[in-house]
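Student: Quick one: the structure is below, questions incoming.
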Number of protein chains: 2
Amino acid sequence: MDSKNTLNVPESSLPRLVIIGGGFAGITLIKALNKNDFQIVLIDQNNYHTFQPLLYQVATGGLEPDSIAYPLRKYVKRFGNLFFRLAEVQQLLPEKKQLITSHGTLKYDYLVVATGARTNYFGNTNLECYTMGMKSVPEALNLRSLILQNLEQAIVTKDPLKRQALMNFVIIGGGPTGVELAGALAELKRFVFKEEYHDLKMDDMQVFLIEGSPKLVGGMSEKSSKRTLGFLKKLGVQVFLNCRINDYDGHKVEIENGTPIPSENVIWAAGIKAAPVAGMEQAATGHGGRLLTDEYSCVKGFENCFAVGDVALMEGDIHYPKGHPQVAPVAIQQAELLAKNLSRLVHQKTLKPFRYTDKGSMATIGRKKAVVDVTGMFFSGTFAWFVWLFVHLMSIVGFKNRLATLLQWFSNYINFNSALRLIIRPYQPKQ
Amino acid sequence: MDSKNTLNVPESSLPRLVIIGGGFAGITLIKALNKNDFQIVLIDQNNYHTFQPLLYQVATGGLEPDSIAYPLRKYVKRFGNLFFRLAEVQQLLPEKKQLITSHGTLKYDYLVVATGARTNYFGNTNLECYTMGMKSVPEALNLRSLILQNLEQAIVTKDPLKRQALMNFVIIGGGPTGVELAGALAELKRFVFKEEYHDLKMDDMQVFLIEGSPKLVGGMSEKSSKRTLGFLKKLGVQVFLNCRINDYDGHKVEIENGTPIPSENVIWAAGIKAAPVAGMEQAATGHGGRLLTDEYSCVKGFENCFAVGDVALMEGDIHYPKGHPQVAPVAIQQAELLAKNLSRLVHQKTLKPFRYTDKGSMATIGRKKAVVDVTGMFFSGTFAWFVWLFVHLMSIVGFKNRLATLLQWFSNYINFNSALRLIIRPYQPKQ
């Protein structure tokens, strides 16, 4: 890589706005920005946007990656003044207003850091090495392969203890991802695996969901939490609350004050931490390494440098003294306002401060159950599932994706007949 | 792997029929066999069937893998007396009627070798190492990633020679795969890449198709061959006939009596060879290493051991003195007859010899042109393309797959709006 040289981007008379990250915040910015005010450069390590709320569906064979990922170059096609670069940002040099990337340096006039969050293993290297993450499409596909490979392995394994370990699925973390994954696995066991592995005693397959706090889906209402627990138990998931993991060596999950669970399938969905850019170490950070910003998303102590979405922790919103939740609606709303504020900035108008509108939250458990909290109301069951489905479909970027997703879901819903249980690339261990 | 032990398959009072390979021949056998006559064990290295004729669509982002791959366990669900094992067959011990697999040994009463063919590099290790193959889903996905990554690389490359090499696509082999791939790439350039890479001079992208013989689609009629050449030229593909490759070092294609072509994207679609099982070395083989069989698909010199499809070369069909072509219809027809003959065998009835019914052949060039040869007739153009589309859709296994494929195709056909240009897992070099 010619990192000593500059990154190849055309010269422009407009100020250059560089956006790092094509997640919810990044693509919302691209759509909402006034293209006459800036030359826009989007940098991402992947050439696609990932609709993270549905990653668990990719992992459990309900959807193919193309249903939840969207090529970032499709925006390039739509907006002539937008340039996409597939590159890794290695260092921010704020005093020079420069980025060092894997393909050369790039000057900016305005910078938006929308790099999101990564999995937090809280410093436990065993957990990092042996558990499966659920933050990216390759991770989800890797998990899909592992699940299927371990069942194939179970069928040829004669040692009953080893076979049981291959058929024990342990999900650590009872947030929406953990809950959705547990529900999907329990249903796969019941409706799919029992028939497709008729010579394996499928009743032996166990799904464990382990949560450190006293309740599931912690960000939701007490009612939603309880109903979620009820739905999961009905599906046969073994839920452990107030339960902490000490360690996992690749074969056995060590539980604080409990019997270890032998398992070859452990999924870590228990925490995230902000993923800022190198060179921002001197920035003030809050809980989970999030960059402190003011109400205009401006990173404290940096000039013309903004942070939105999961990587940011905005101060000054009196309703959220500890910062906003790290969810897509916050990222989208922050990006929408920032797009307008950036134009106000170049036209020397007064900026507007951010106020978050909480539109509610939801989680799905299995193929036709969900819990929904919205403006103080709570509802659950099949109707909630349709609400969940509708909201997620409407949120997925791009018409083509939406239609394909809907059709795949509809087909799955009717007949559990997905053809996605393919081990295309075998599971690859991290080390 | 407990290879010293036996492969875990239930005991049965029925004779055990082992099928190696879940390709066209293998799955046709499974569907056509009388399940009351045998305990059937299917062994494959993958847990899915690949519809190989459409692999080029996966490579060029027209279809996702699930549209052309089908989980083999779906048959297990349909047929209670069928057992699938994801395993590698390491050795055949014909005198013991035993197979050694990666998960233990397995006794058989009847064996069907349906292992197909693999890419033939004719002993050139450089070609094997540096060119991209097109025989499996992972290979097709790897090629897809390489194409997209090299275009991203081209956009940040300032050296014009290196950039040109990144934008030169060389396809070696002018059979159906090579022709279809060349057409798809030329159309991607014209209808998709020009817009999505608006800051790359896309006119510089070149597609070369190199064929050693004097004609394209060698198995087809003179008219089809000429029309194919015309279609490709119109799409801007540079076709070299009577042209042989000497070598490729990963950067430059050396051509016999010609100027080398600098290219970072070279696809090898120039030959296949049979892929029999180890332990069959003493079997008589014909051209391309194919196992010689009699008209009942029985491998010469082996007892109760049959070979069908690409791996076999059947003697005795007077219309095909050099053997049948290595195409799906032969594999399917041979398997259909063999299924009946195996039942005749156990019931001590007279077997019937195989006669191939040639239903014609076809190839597609781009999104609405095709050539079709059928019973002495030839036609081409858009109508031929619809015939091609219809025949391929009807052939794809399983209703779900067919519908999804049709919808994806239809959507692509209308608006070139496929969302599949995702580099999910980066290109992985072979060494």
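Chain lettering (A, B, ...) mirrors the order of the structure tokens, residue numbering begins at 1 for each chain separately, and ligand numbering begins at 1 in order of display.
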If you run DSSP on this backbone, which residues of region 111-145 of chain A come out as strand (DSSP E), and could you give them as a compact mmCIF listing (two decimals) with C-alpha atoms, in the first residue's frame?
Tutor:
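Heads up, here's the output in selection_23.txt:
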```
# COMPACT_ATOMS: atom_id res chain seq x y z
CA LEU A 111 -14.67 14.99 9.63
CA VAL A 112 -17.46 12.75 10.87
CA VAL A 113 -16.45 9.72 12.92
CA ALA A 117 -18.94 -0.16 18.26
CA ARG A 118 -17.23 -3.50 18.43
CA THR A 119 -17.64 -6.53 20.67
```
Student: Let's see if you can do this: from backbone DSSP, list all alpha helix (DSSP H) residues in region 72-301 of chain B, as JSON, numbers by chain.
Tutor: {"B": [73, 74, 75, 76, 77, 78, 125, 126, 127, 128, 129, 130, 137, 138, 139, 140, 141, 142, 143, 144, 145, 146, 147, 148, 149, 150, 151, 152, 153, 154, 155, 160, 161, 162, 163, 164, 165, 166, 167, 176, 177, 178, 179, 180, 181, 182, 183, 184, 185, 186, 187, 188, 194, 195, 196, 222, 223, 224, 225, 226, 227, 228, 229, 230, 231, 232, 233, 234]}
Student: Keeping only C-alpha atoms, write those residues as a short mmCIF file (atom, residue, chain, number, x, y, z; two decimals), in the first residue's frame.
Tutor:
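See again.cif below for the written result:
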```cif
data_model
loop_
_atom_site.label_atom_id
_atom_site.label_comp_id
_atom_site.auth_asym_id
_atom_site.auth_seq_id
_atom_site.Cartn_x
_atom_site.Cartn_y
_atom_site.Cartn_z
CA ARG B 73 -30.28 -32.86 4.21
CA LYS B 74 -33.55 -31.79 2.67
CA TYR B 75 -33.60 -35.24 1.05
CA VAL B 76 -32.94 -36.84 4.43
CA LYS B 77 -36.11 -35.18 5.63
CA ARG B 78 -38.08 -36.59 2.70
CA THR B 125 1.33 -25.41 -11.20
CA ASN B 126 1.51 -21.68 -11.97
CA LEU B 127 -1.89 -21.77 -13.59
CA GLU B 128 -3.23 -23.85 -10.71
CA CYS B 129 -1.85 -21.38 -8.18
CA TYR B 130 -2.59 -18.02 -9.78
CA VAL B 137 -19.51 -22.03 -4.82
CA PRO B 138 -16.52 -20.93 -2.70
CA GLU B 139 -14.48 -20.49 -5.90
CA ALA B 140 -17.25 -18.42 -7.47
CA LEU B 141 -17.54 -16.24 -4.34
CA ASN B 142 -13.78 -15.88 -4.24
CA LEU B 143 -13.83 -14.67 -7.84
CA ARG B 144 -16.64 -12.23 -7.04
CA SER B 145 -14.59 -10.75 -4.21
CA LEU B 146 -11.47 -10.55 -6.39
CA ILE B 147 -13.27 -8.66 -9.18
CA LEU B 148 -14.70 -6.11 -6.75
CA GLN B 149 -11.51 -5.76 -4.73
CA ASN B 150 -9.41 -5.19 -7.85
CA LEU B 151 -11.73 -2.43 -9.04
CA GLU B 152 -11.49 -0.80 -5.61
CA GLN B 153 -7.74 -1.17 -5.84
CA ALA B 154 -7.73 0.35 -9.34
CA ILE B 155 -9.47 3.47 -8.05
CA PRO B 160 -1.46 3.58 -15.10
CA LEU B 161 0.11 0.20 -16.00
CA LYS B 162 -0.79 -1.36 -12.66
CA ARG B 163 -4.27 0.11 -12.92
CA GLN B 164 -4.75 -1.38 -16.38
CA ALA B 165 -3.66 -4.82 -15.11
CA LEU B 166 -6.28 -4.54 -12.36
CA MET B 167 -8.91 -3.74 -14.98
CA PRO B 176 -20.13 -22.36 -22.06
CA THR B 177 -18.64 -21.23 -18.71
CA GLY B 178 -16.05 -18.97 -20.34
CA VAL B 179 -18.56 -17.51 -22.78
CA GLU B 180 -21.17 -16.88 -20.09
CA LEU B 181 -18.65 -15.31 -17.76
CA ALA B 182 -17.23 -13.04 -20.49
CA GLY B 183 -20.72 -11.89 -21.44
CA ALA B 184 -21.70 -11.19 -17.83
CA LEU B 185 -18.50 -9.21 -17.15
CA ALA B 186 -18.90 -7.14 -20.30
CA GLU B 187 -22.44 -6.26 -19.28
CA LEU B 188 -21.43 -5.42 -15.73
CA LYS B 194 -19.67 2.78 -15.22
CA GLU B 195 -22.09 4.36 -12.78
CA GLU B 196 -20.87 2.90 -9.53
CA GLU B 222 -21.14 -24.14 -36.26
CA LYS B 223 -23.99 -21.62 -36.34
CA SER B 224 -24.19 -21.37 -32.56
CA SER B 225 -20.46 -20.94 -32.36
CA LYS B 226 -20.45 -18.09 -34.89
CA ARG B 227 -23.43 -16.35 -33.37
CA THR B 228 -21.80 -16.57 -29.94
CA LEU B 229 -18.69 -14.92 -31.31
CA GLY B 230 -20.82 -12.16 -32.85
CA PHE B 231 -22.73 -11.52 -29.61
CA LEU B 232 -19.53 -11.32 -27.59
CA LYS B 233 -17.83 -8.94 -30.01
CA LYS B 234 -20.86 -6.70 -29.92
#
```
Student: Please identify all polymer residues within 6 Å of region 370-383 of chain A, counting only C-alpha atoms, omitting same-chain residues fewer than 4 positions from it, and present them as a ChimeraX atom specification.
Tutor: /A:224,360-365
Student: Skipping near chain neighbours, those fewer than 5 positions away, what residues fall within 12 Å of Glu11 (chain A) using only C-alpha atoms, listed as an MDAnalysis selection string?
Tutor: (chainID A and resid 6 16 38:41 81 83 106:108) or (chainID B and resid 199)
Student: Taking 4 positions as the minimum chain separation for residues in the same chain, which residues sit within 7 Å of region 339-346 of chain A when counting only C-alpha atoms? Answer as a list in words.
Tutor: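 The contact residues come out as Leu29, Ala32, Leu33, Asn34, Asp37, Ala335, Thr350, Leu351 and Lys352 of chain A.
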Student: Which polymer residues have any atom within 7 Å of an atom of Val311 (chain B), counting only C-alpha atoms, with same-chain residues fewer than 3 positions away left out, as a ChimeraX atom specification?
Tutor: /B:114-117,274-276,290-291,307-308
Student: For C-alpha atoms, I'd like the residues from the last selection saved as a compact mmCIF listing (two decimals), in the first residue's frame.
Tutor:
```
# COMPACT_ATOMS: atom_id res chain seq x y z
CA ALA B 114 -20.62 -40.04 -8.63
CA THR B 115 -17.70 -37.81 -7.76
CA GLY B 116 -17.77 -35.73 -10.95
CA ALA B 117 -14.84 -33.79 -12.32
CA ALA B 274 -12.43 -36.90 -13.71
CA ALA B 275 -12.20 -37.00 -9.91
CA PRO B 276 -12.35 -40.70 -8.97
CA ARG B 290 -12.66 -41.09 -16.67
CA LEU B 291 -13.50 -44.54 -15.28
CA ALA B 307 -19.85 -44.94 -11.82
CA VAL B 308 -22.14 -42.32 -13.34
```
Student: Using only C-alpha atoms, determine which residues lie at most 8 Å from Trp268 (chain A), disregarding the query and same-chain residues fewer than 6 positions distant; provide the list as a PyMOL selection string.
Tutor: chain A and resi 127+131-134+171-173
Student: Keeping only N, CA and C atoms, take the residues you just selected and write them out as a short mmCIF file (atom, residue, chain, number, x, y, z; two decimals), in the first residue's frame.
Tutor:
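File result.cif, as written:
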```
data_model
loop_
_atom_site.label_atom_id
_atom_site.label_comp_id
_atom_site.auth_asym_id
_atom_site.auth_seq_id
_atom_site.Cartn_x
_atom_site.Cartn_y
_atom_site.Cartn_z
N LEU A 127 -12.28 -15.65 26.10
CA LEU A 127 -13.60 -15.38 25.53
C LEU A 127 -13.46 -14.82 24.12
N THR A 131 -15.14 -17.72 21.81
CA THR A 131 -16.57 -17.54 21.57
C THR A 131 -16.80 -16.91 20.20
N MET A 132 -18.02 -17.05 19.72
CA MET A 132 -18.39 -16.50 18.41
C MET A 132 -18.99 -15.11 18.62
N GLY A 133 -18.53 -14.16 17.82
CA GLY A 133 -19.12 -12.82 17.86
C GLY A 133 -20.31 -12.72 16.93
N MET A 134 -21.04 -11.62 17.06
CA MET A 134 -22.25 -11.45 16.23
C MET A 134 -22.37 -9.99 15.78
N ILE A 171 -25.59 -19.10 24.76
CA ILE A 171 -25.58 -17.71 24.33
C ILE A 171 -25.37 -16.85 25.56
N ILE A 172 -24.33 -16.04 25.54
CA ILE A 172 -24.03 -15.21 26.70
C ILE A 172 -24.46 -13.79 26.39
N GLY A 173 -25.39 -13.30 27.20
CA GLY A 173 -25.90 -11.95 26.99
C GLY A 173 -27.37 -11.98 26.61
#
```
Student: For each of B:Lys252, B:Met220, B:Gly279, B:Tyr48, take the minimum atom-to-atom distance to Ile100 (chain B), counting only C-alpha atoms, then give the residue where this is smallest.
Tutor: B:Gly279
Student: Identify which of the residues A:Gly309, A:Pro262, A:Gly316, A:Gly26 lies closest to Val330 (chain A), counting only C-alpha atoms when measuring atom-to-atom distances.
Tutor: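 Of A:Gly309, A:Pro262, A:Gly316, A:Gly26, the one nearest Val330 (chain A) is A:Gly309, counting only C-alpha atoms.
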Student: Looking at A:Leu72, A:Val156, A:Leu209, A:Val266, which one is nearest to chain B, with distances taken over only C-alpha atoms?
Tutor: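 Checking each candidate against chain B, we get A:Val156 as the closest.
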Student: Would you mind reading off the distance between CA of Leu14 (chain B) and CA of Tyr110 (chain B), one decimal, in Å?
Tutor: 11.2 Å
